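Next comes structure_4.txt, a file with compact mmCIF, C-alpha atoms.
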```txt
# COMPACT_ATOMS: atom_id res chain seq x y z
CA MET H 1 86.89 -134.15 -127.34
CA ARG H 2 83.76 -132.55 -128.76
CA ARG H 3 81.94 -135.83 -129.38
CA PRO H 4 81.83 -137.00 -125.72
CA PHE H 5 80.57 -133.59 -124.69
CA VAL H 6 77.77 -133.81 -127.23
CA PHE H 7 76.74 -137.23 -125.91
CA VAL H 8 76.72 -135.97 -122.33
CA LEU H 9 74.65 -132.91 -123.30
CA ALA H 10 72.18 -135.10 -125.16
CA ALA H 11 71.83 -137.38 -122.16
CA VAL H 12 71.21 -134.44 -119.88
CA ILE H 13 68.54 -133.10 -122.23
CA VAL H 14 66.83 -136.49 -122.33
CA LEU H 15 66.87 -136.73 -118.54
CA LEU H 16 65.46 -133.24 -118.21
CA ALA H 17 62.71 -134.01 -120.70
CA GLY H 18 61.78 -137.17 -118.82
CA ALA H 19 61.74 -135.35 -115.49
CA THR H 20 59.63 -132.61 -117.00
CA ALA H 21 57.14 -135.14 -118.32
CA VAL H 22 56.94 -136.88 -114.96
CA LEU H 23 56.46 -133.60 -113.14
CA PHE H 24 53.81 -132.53 -115.64
CA GLN H 25 51.88 -135.78 -115.11
CA ARG H 26 52.11 -135.36 -111.36
CA TYR H 27 50.92 -131.76 -111.70
CA ARG H 28 47.91 -132.81 -113.76
CA LYS H 29 47.06 -135.56 -111.26
CA THR H 30 47.45 -133.20 -108.33
CA SER H 31 45.29 -130.58 -110.06
CA ALA H 32 42.60 -133.18 -110.76
CA GLU H 33 42.73 -134.42 -107.17
CA LEU H 34 42.48 -130.84 -105.93
CA GLY H 35 39.47 -130.22 -108.16
CA ASP H 36 37.82 -133.40 -106.90
CA ALA H 37 38.56 -132.39 -103.32
CA GLU H 38 37.07 -128.96 -103.87
CA SER H 39 34.01 -130.49 -105.55
CA ALA H 40 33.61 -133.01 -102.71
CA ALA H 41 33.97 -130.24 -100.16
CA LYS H 42 31.29 -128.18 -101.90
CA SER H 43 29.01 -131.22 -102.18
CA ALA H 44 29.54 -132.07 -98.51
CA GLN H 45 28.84 -128.46 -97.55
CA ALA H 46 25.62 -128.50 -99.61
CA ARG H 47 24.54 -131.80 -98.04
CA TYR H 48 25.33 -130.38 -94.60
CA ALA H 49 23.21 -127.30 -95.32
CA GLU H 50 20.32 -129.47 -96.62
CA ALA H 51 20.58 -131.73 -93.58
CA PHE H 52 20.61 -128.75 -91.24
CA ASP H 53 17.56 -127.21 -92.95
CA ALA H 54 15.73 -130.55 -92.79
CA ILE H 55 16.55 -130.90 -89.10
CA ALA H 56 15.32 -127.36 -88.39
CA GLU H 57 12.08 -127.97 -90.31
CA ILE H 58 11.42 -131.26 -88.50
CA GLN H 59 12.15 -129.60 -85.15
CA ASP H 60 9.72 -126.77 -85.91
CA SER H 61 6.94 -129.23 -86.76
CA LEU H 62 7.58 -131.12 -83.53
CA ASN H 63 7.63 -127.94 -81.45
CA ALA H 64 4.28 -126.88 -82.92
CA ILE H 65 2.59 -129.90 -81.34
CA ALA H 66 3.25 -128.62 -77.82
CA ILE H 67 3.39 -124.87 -78.37
CA GLY H 68 0.63 -124.02 -80.84
CA ASP H 69 -1.69 -126.99 -80.97
CA THR H 70 -5.15 -126.21 -79.61
CA THR H 71 -5.95 -129.86 -78.88
CA VAL H 72 -3.02 -130.10 -76.47
CA ARG H 73 -4.14 -126.89 -74.78
CA ILE H 74 -7.82 -127.84 -74.52
CA LEU H 75 -7.20 -131.35 -73.22
CA SER H 76 -4.88 -129.95 -70.56
CA GLN H 77 -7.64 -127.89 -68.96
CA GLY H 78 -9.06 -130.67 -66.80
CA LEU H 79 -12.59 -130.08 -65.55
CA GLN H 80 -13.26 -127.36 -68.10
CA ALA H 81 -12.50 -129.88 -70.84
CA GLU H 82 -14.90 -132.35 -69.23
CA GLN H 83 -17.65 -129.75 -69.28
CA THR H 84 -17.09 -128.81 -72.93
CA LEU H 85 -16.23 -132.19 -74.46
CA THR H 86 -19.42 -132.80 -76.38
CA GLU H 87 -19.57 -135.56 -78.99
CA PRO H 88 -18.63 -133.17 -81.86
CA HIS H 89 -15.70 -131.84 -79.78
CA ARG H 90 -14.65 -135.41 -79.00
CA ARG H 91 -14.65 -136.32 -82.69
CA GLU H 92 -12.71 -133.15 -83.49
CA ALA H 93 -10.14 -133.94 -80.78
CA LEU H 94 -9.71 -137.52 -82.02
CA GLU H 95 -9.32 -136.31 -85.61
CA ARG H 96 -6.68 -133.81 -84.49
CA ILE H 97 -4.84 -136.47 -82.48
CA THR H 98 -4.89 -138.74 -85.55
CA SER H 99 -3.41 -135.86 -87.56
CA LEU H 100 -0.69 -135.35 -84.92
CA ASP H 101 0.12 -139.05 -84.99
CA ALA H 102 0.41 -138.97 -88.79
CA SER H 103 2.68 -135.91 -88.53
CA LEU H 104 4.94 -137.78 -86.10
CA ARG H 105 5.13 -140.76 -88.45
CA ARG H 106 6.14 -138.44 -91.29
CA SER H 107 8.80 -136.86 -89.08
CA LYS H 108 10.21 -140.28 -88.17
CA GLU H 109 10.34 -141.25 -91.85
CA ARG H 110 12.11 -137.98 -92.73
CA ILE H 111 14.67 -138.59 -89.97
CA ARG H 112 15.24 -142.13 -91.29
CA ARG H 113 15.76 -140.88 -94.86
CA LEU H 114 18.08 -138.14 -93.57
CA GLU H 115 20.25 -140.69 -91.75
CA VAL H 116 20.35 -143.00 -94.77
CA GLY H 117 21.30 -140.13 -97.07
CA LEU H 118 24.07 -138.92 -94.76
CA ASN H 119 25.44 -142.47 -94.36
CA LYS H 120 25.48 -143.00 -98.13
CA SER H 121 27.23 -139.69 -98.71
CA GLY H 122 29.75 -140.40 -96.01
CA VAL H 123 29.02 -137.17 -94.17
CA ARG H 124 29.64 -137.86 -90.51
CA ILE H 125 29.64 -134.72 -88.42
CA ALA H 126 29.26 -134.96 -84.67
CA GLY H 127 27.02 -131.90 -84.52
CA LEU H 128 24.55 -133.32 -87.05
CA GLU H 129 24.53 -136.69 -85.32
CA ARG H 130 23.70 -135.02 -82.00
CA MET H 131 20.90 -133.05 -83.68
CA ILE H 132 19.42 -136.20 -85.20
CA ALA H 133 19.65 -137.97 -81.83
CA GLY H 134 17.82 -135.00 -80.29
CA LEU H 135 15.11 -135.23 -82.97
CA LYS H 136 14.61 -138.92 -82.20
CA GLN H 137 14.26 -138.13 -78.50
CA THR H 138 11.76 -135.34 -79.26
CA VAL H 139 9.71 -137.66 -81.49
CA ALA H 140 9.60 -140.23 -78.69
CA GLU H 141 8.38 -137.56 -76.26
CA LYS H 142 5.72 -136.36 -78.70
CA GLU H 143 4.54 -139.93 -79.27
CA GLU H 144 4.14 -140.28 -75.52
CA LEU H 145 2.22 -136.98 -75.48
CA VAL H 146 -0.13 -138.17 -78.24
CA GLY H 147 -0.71 -141.39 -76.33
CA ARG H 148 -1.59 -139.39 -73.21
CA LEU H 149 -3.94 -137.18 -75.22
CA THR H 150 -5.75 -140.22 -76.62
CA GLY H 151 -6.16 -141.60 -73.12
CA ARG H 152 -7.29 -138.18 -71.93
CA VAL H 153 -10.02 -138.04 -74.57
CA ASP H 154 -11.22 -141.53 -73.63
CA SER H 155 -11.16 -140.62 -69.93
CA LEU H 156 -13.01 -137.36 -70.50
CA GLN H 157 -15.57 -139.09 -72.69
CA THR H 158 -16.15 -141.68 -69.95
CA THR H 159 -16.62 -138.87 -67.44
CA VAL H 160 -18.93 -136.96 -69.77
CA ALA H 161 -20.93 -140.11 -70.47
CA GLY H 162 -21.30 -140.64 -66.73
CA LEU H 163 -22.38 -137.04 -66.23
CA GLU H 164 -24.86 -137.35 -69.10
CA THR H 165 -26.28 -140.50 -67.53
CA VAL H 166 -26.69 -138.74 -64.20
CA ALA H 167 -28.21 -135.71 -65.95
CA GLN H 168 -30.62 -137.94 -67.86
CA GLN H 169 -31.61 -139.67 -64.63
CA ASP H 170 -32.12 -136.28 -63.00
CA ARG H 171 -34.24 -135.13 -65.94
CA GLU H 172 -36.34 -138.28 -65.75
CA THR H 173 -36.73 -137.80 -62.00
CA ILE H 174 -37.77 -134.17 -62.51
CA ARG H 175 -40.22 -135.20 -65.24
CA SER H 176 -41.65 -137.86 -62.97
CA GLN H 177 -41.95 -135.38 -60.11
CA GLN H 178 -43.52 -132.80 -62.40
CA GLN H 179 -45.95 -135.39 -63.69
CA THR H 180 -46.80 -136.39 -60.12
CA LEU H 181 -47.26 -132.75 -59.14
CA GLU H 182 -49.42 -132.12 -62.20
CA GLU H 183 -51.55 -135.15 -61.43
CA ARG H 184 -51.90 -133.99 -57.84
CA ARG H 185 -52.74 -130.45 -58.98
CA ARG H 186 -55.32 -131.76 -61.43
CA GLU H 187 -56.78 -133.99 -58.73
CA LEU H 188 -57.12 -131.04 -56.34
CA GLY H 189 -58.37 -128.68 -59.04
CA THR H 190 -60.99 -130.95 -60.60
CA ILE H 191 -64.67 -131.05 -59.72
CA TYR H 192 -67.34 -133.28 -61.25
CA TYR H 193 -70.69 -132.00 -62.42
CA VAL H 194 -73.92 -133.42 -63.78
CA ILE H 195 -76.80 -131.54 -65.43
CA GLY H 196 -80.26 -133.03 -65.78
CA ARG H 197 -83.98 -132.72 -65.31
CA LYS H 198 -85.53 -133.62 -61.99
CA ARG H 199 -86.93 -136.98 -62.99
CA ASP H 200 -83.68 -137.96 -64.73
CA LEU H 201 -81.58 -137.08 -61.70
CA ILE H 202 -83.91 -139.04 -59.41
CA SER H 203 -84.15 -142.07 -61.68
CA SER H 204 -80.37 -142.21 -62.07
CA GLY H 205 -79.91 -142.08 -58.29
CA VAL H 206 -77.94 -138.82 -58.39
CA VAL H 207 -80.46 -137.08 -56.09
CA VAL H 208 -82.98 -138.30 -53.55
CA ALA H 209 -86.00 -136.64 -51.94
CA ARG H 210 -85.62 -136.20 -48.19
CA GLY H 211 -87.60 -134.67 -45.34
CA GLY H 212 -91.22 -133.48 -45.50
CA LEU H 213 -94.36 -135.13 -44.10
CA LEU H 214 -96.55 -137.57 -45.96
CA GLY H 215 -94.75 -136.75 -49.18
CA LEU H 216 -95.16 -133.02 -48.76
CA GLY H 217 -92.32 -130.51 -48.35
CA ARG H 218 -89.66 -132.96 -49.37
CA THR H 219 -86.41 -131.50 -50.74
CA LEU H 220 -84.05 -132.89 -53.35
CA GLN H 221 -80.52 -133.56 -52.12
CA PRO H 222 -77.49 -135.20 -53.73
CA SER H 223 -77.36 -138.91 -53.04
CA ARG H 224 -74.50 -140.41 -51.10
CA ALA H 225 -74.30 -143.29 -53.53
CA PHE H 226 -74.31 -142.50 -57.24
CA ASN H 227 -72.69 -143.58 -60.46
CA GLU H 228 -69.47 -141.60 -60.98
CA ASN H 229 -69.67 -142.18 -64.73
CA LEU H 230 -72.66 -139.82 -64.90
CA PHE H 231 -70.46 -136.87 -63.91
CA THR H 232 -68.22 -134.77 -66.16
CA PRO H 233 -64.79 -133.65 -64.87
CA LEU H 234 -63.86 -129.95 -64.93
CA ASP H 235 -60.39 -128.59 -64.13
CA THR H 236 -61.28 -125.37 -62.31
CA ASP H 237 -57.68 -124.11 -62.55
CA HIS H 238 -58.22 -123.75 -66.30
CA GLU H 239 -62.01 -123.61 -66.77
CA THR H 240 -64.36 -121.52 -64.66
CA VAL H 241 -67.57 -121.51 -66.72
CA ILE H 242 -70.16 -124.31 -66.96
CA HIS H 243 -72.65 -124.03 -69.79
CA THR H 244 -76.18 -125.42 -69.30
CA PRO H 245 -78.83 -126.17 -71.93
CA SER H 246 -81.61 -124.31 -70.08
CA SER H 247 -82.46 -120.77 -68.99
CA ARG H 248 -83.62 -121.96 -65.57
CA VAL H 249 -81.31 -124.04 -63.39
CA LYS H 250 -80.87 -124.81 -59.72
CA VAL H 251 -77.73 -125.92 -57.94
CA LEU H 252 -78.68 -128.81 -55.64
CA SER H 253 -75.20 -129.51 -54.23
CA ALA H 254 -73.69 -127.55 -51.33
CA GLN H 255 -71.06 -125.37 -53.04
CA PRO H 256 -70.60 -122.11 -51.11
CA ALA H 257 -72.97 -119.54 -52.62
CA SER H 258 -70.25 -116.89 -52.64
CA SER H 259 -67.96 -119.03 -54.78
CA TYR H 260 -70.10 -118.86 -57.94
CA GLU H 261 -72.82 -116.94 -59.70
CA LEU H 262 -75.48 -117.69 -62.29
CA LYS H 263 -75.45 -115.66 -65.49
CA LEU H 264 -78.04 -115.76 -68.23
CA VAL H 265 -76.28 -115.57 -71.57
CA GLY H 266 -78.80 -115.45 -74.39
CA ASN H 267 -81.39 -118.07 -73.54
CA ARG H 268 -79.05 -120.32 -71.56
CA MET H 269 -77.81 -120.11 -68.01
CA GLU H 270 -74.12 -120.29 -67.22
CA ILE H 271 -72.44 -121.02 -63.90
CA HIS H 272 -69.38 -118.80 -63.39
CA ILE H 273 -66.95 -119.99 -60.74
CA LEU H 274 -65.68 -116.93 -58.82
CA ASP H 275 -63.53 -118.65 -56.20
CA PRO H 276 -62.28 -122.02 -57.45
CA ARG H 277 -60.68 -122.97 -54.14
CA GLU H 278 -63.93 -122.43 -52.21
CA PHE H 279 -66.06 -123.86 -54.97
CA ARG H 280 -64.26 -127.19 -55.08
CA LYS H 281 -64.63 -127.82 -51.36
CA VAL H 282 -67.63 -129.79 -52.58
CA ARG H 283 -66.33 -132.02 -55.33
CA HIS H 284 -69.61 -133.05 -56.96
CA LEU H 285 -71.84 -130.38 -58.50
CA VAL H 286 -75.45 -131.29 -59.22
CA ILE H 287 -77.39 -128.95 -61.51
CA MET H 288 -81.10 -129.40 -62.09
CA THR H 289 -82.77 -127.87 -65.13
```

Starting from the coordinates I provided, produce the structure as structure tokens.
Amino acid sequence: MRRPFVFVLAAVIVLLAGATAVLFQRYRKTSAELGDAESAAKSAQARYAEAFDAIAEIQDSLNAIAIGDTTVRILSQGLQAEQTLTEPHRREALERITSLDASLRRSKERIRRLEVGLNKSGVRIAGLERMIAGLKQTVAEKEELVGRLTGRVDSLQTTVAGLETVAQQDRETIRSQQQTLEERRRELGTIYYVIGRKRDLISSGVVVARGGLLGLGRTLQPSRAFNENLFTPLDTDHETVIHTPSSRVKVLSAQPASSYELKLVGNRMEIHILDPREFRKVRHLVIMT
């Protein structure tokens, strides 16, 4: 009677031991799976935080192109930009646009790496995917903006070049007009004089003897036909004194007497022009020493 009971008790103990072992194995497996799940959750949360930070950083860099970039602001000012877009400013604008373009390429590459990293890690969250899609759309808009800015610089430069051409033509026209006016002024302000002894003036044909009777009482008068090369030009707007080599001179031409005076300076006579406008009514001055 006791022996069957012992066998039954032993069997029960063996069954309990086996069940305990199985339960212990399941517990260990469940604990390990729970640890892995917690670790995966923490890793996913960290990757989510990194992805969110990366998205925020990329978004900030993209926003800066429109909000804080001076090139965007300057090139949006139309006519004012045309008036200030000198060659150094144009180079500066193009360099800044190149920098913006490089920044956009870096942003696109960061977005690509972010997507690849999330796909490899298996993190698929609708919110992150919408954010990344929004970043791609923003990048496309900024690329379009950079393209417009490049075209704007080229357009402004073409306008400025045209304005510079017109300005250069105007400057050349003004210079030509000024030169013409100066030539006209010099022409009006210049008289021509000759100084010589009586016999030299007569022999050169500058003066002729007229009037008188039988060679007596004849007067010397400027000839109507003489060699212009014998005369010296004098711009009376800038020079009003004619120096002679003699202390005794006589003006044979018909300049108004009130327009000049003779002054003896040392042992030489000078002709001082008092009224240039009146004086040059007679263009050729003949002085006999």

Item checked: Between CA of Glu187 (chain H) and CA of Asp237 (chain H) - distance in Å to one decimal ->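 CA of Glu187 (chain H) lies at a distance of 10.6 Å from CA of Asp237 (chain H).
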
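The nearest approach to Val265 (chain H) among the residues H:Ile242, H:Leu118, H:Leu252, H:Leu285, with all atoms listed in the file taken into account, belongs to H:Ile242.
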
Margin query: Here is a test: counting all atoms listed in the file, which residue of H:Val208, H:Ile97, H:Met269, H:Ala167 is nearest to Glu143 (chain H)?
Written below: H:Ile97

Next item on the list: Can you pull out every residue within 6 Å of region 190-202 of chain H, counting only C-alpha atoms, but drop anything in the same chain fewer than 4 positions away, and send it as a VMD selection string?
Entry: chain H and resid 186 206 to 208 231 to 236 283 to 289

Could those residues be written to a file, using C-alpha atoms, as a PDB file, in the frame of the given file?
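Dumped everything to result.pdb:
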```pdb
ATOM      1  CA  ARG H 186     -55.320-131.760 -61.430  1.00  0.00           C
ATOM      2  CA  VAL H 206     -77.940-138.820 -58.390  1.00  0.00           C
ATOM      3  CA  VAL H 207     -80.460-137.080 -56.090  1.00  0.00           C
ATOM      4  CA  VAL H 208     -82.980-138.300 -53.550  1.00  0.00           C
ATOM      5  CA  PHE H 231     -70.460-136.870 -63.910  1.00  0.00           C
ATOM      6  CA  THR H 232     -68.220-134.770 -66.160  1.00  0.00           C
ATOM      7  CA  PRO H 233     -64.790-133.650 -64.870  1.00  0.00           C
ATOM      8  CA  LEU H 234     -63.860-129.950 -64.930  1.00  0.00           C
ATOM      9  CA  ASP H 235     -60.390-128.590 -64.130  1.00  0.00           C
ATOM     10  CA  THR H 236     -61.280-125.370 -62.310  1.00  0.00           C
ATOM     11  CA  ARG H 283     -66.330-132.020 -55.330  1.00  0.00           C
ATOM     12  CA  HIS H 284     -69.610-133.050 -56.960  1.00  0.00           C
ATOM     13  CA  LEU H 285     -71.840-130.380 -58.500  1.00  0.00           C
ATOM     14  CA  VAL H 286     -75.450-131.290 -59.220  1.00  0.00           C
ATOM     15  CA  ILE H 287     -77.390-128.950 -61.510  1.00  0.00           C
ATOM     16  CA  MET H 288     -81.100-129.400 -62.090  1.00  0.00           C
ATOM     17  CA  THR H 289     -82.770-127.870 -65.130  1.00  0.00           C
TER      18      THR H 289
END
```

Check: Could you state the separation of CA of Thr240 (chain H) and CA of Arg277 (chain H) in Å, given to one decimal place?
Finding: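 Computing it gives 11.2 Å between the two atoms.
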
Next item on the list: Select, from H:Arg248, H:Arg184, H:His243, H:His238, the residue with the minimum atom-to-atom distance to Pro276 (chain H), counting all atoms listed in the file.
Entry: H:His238
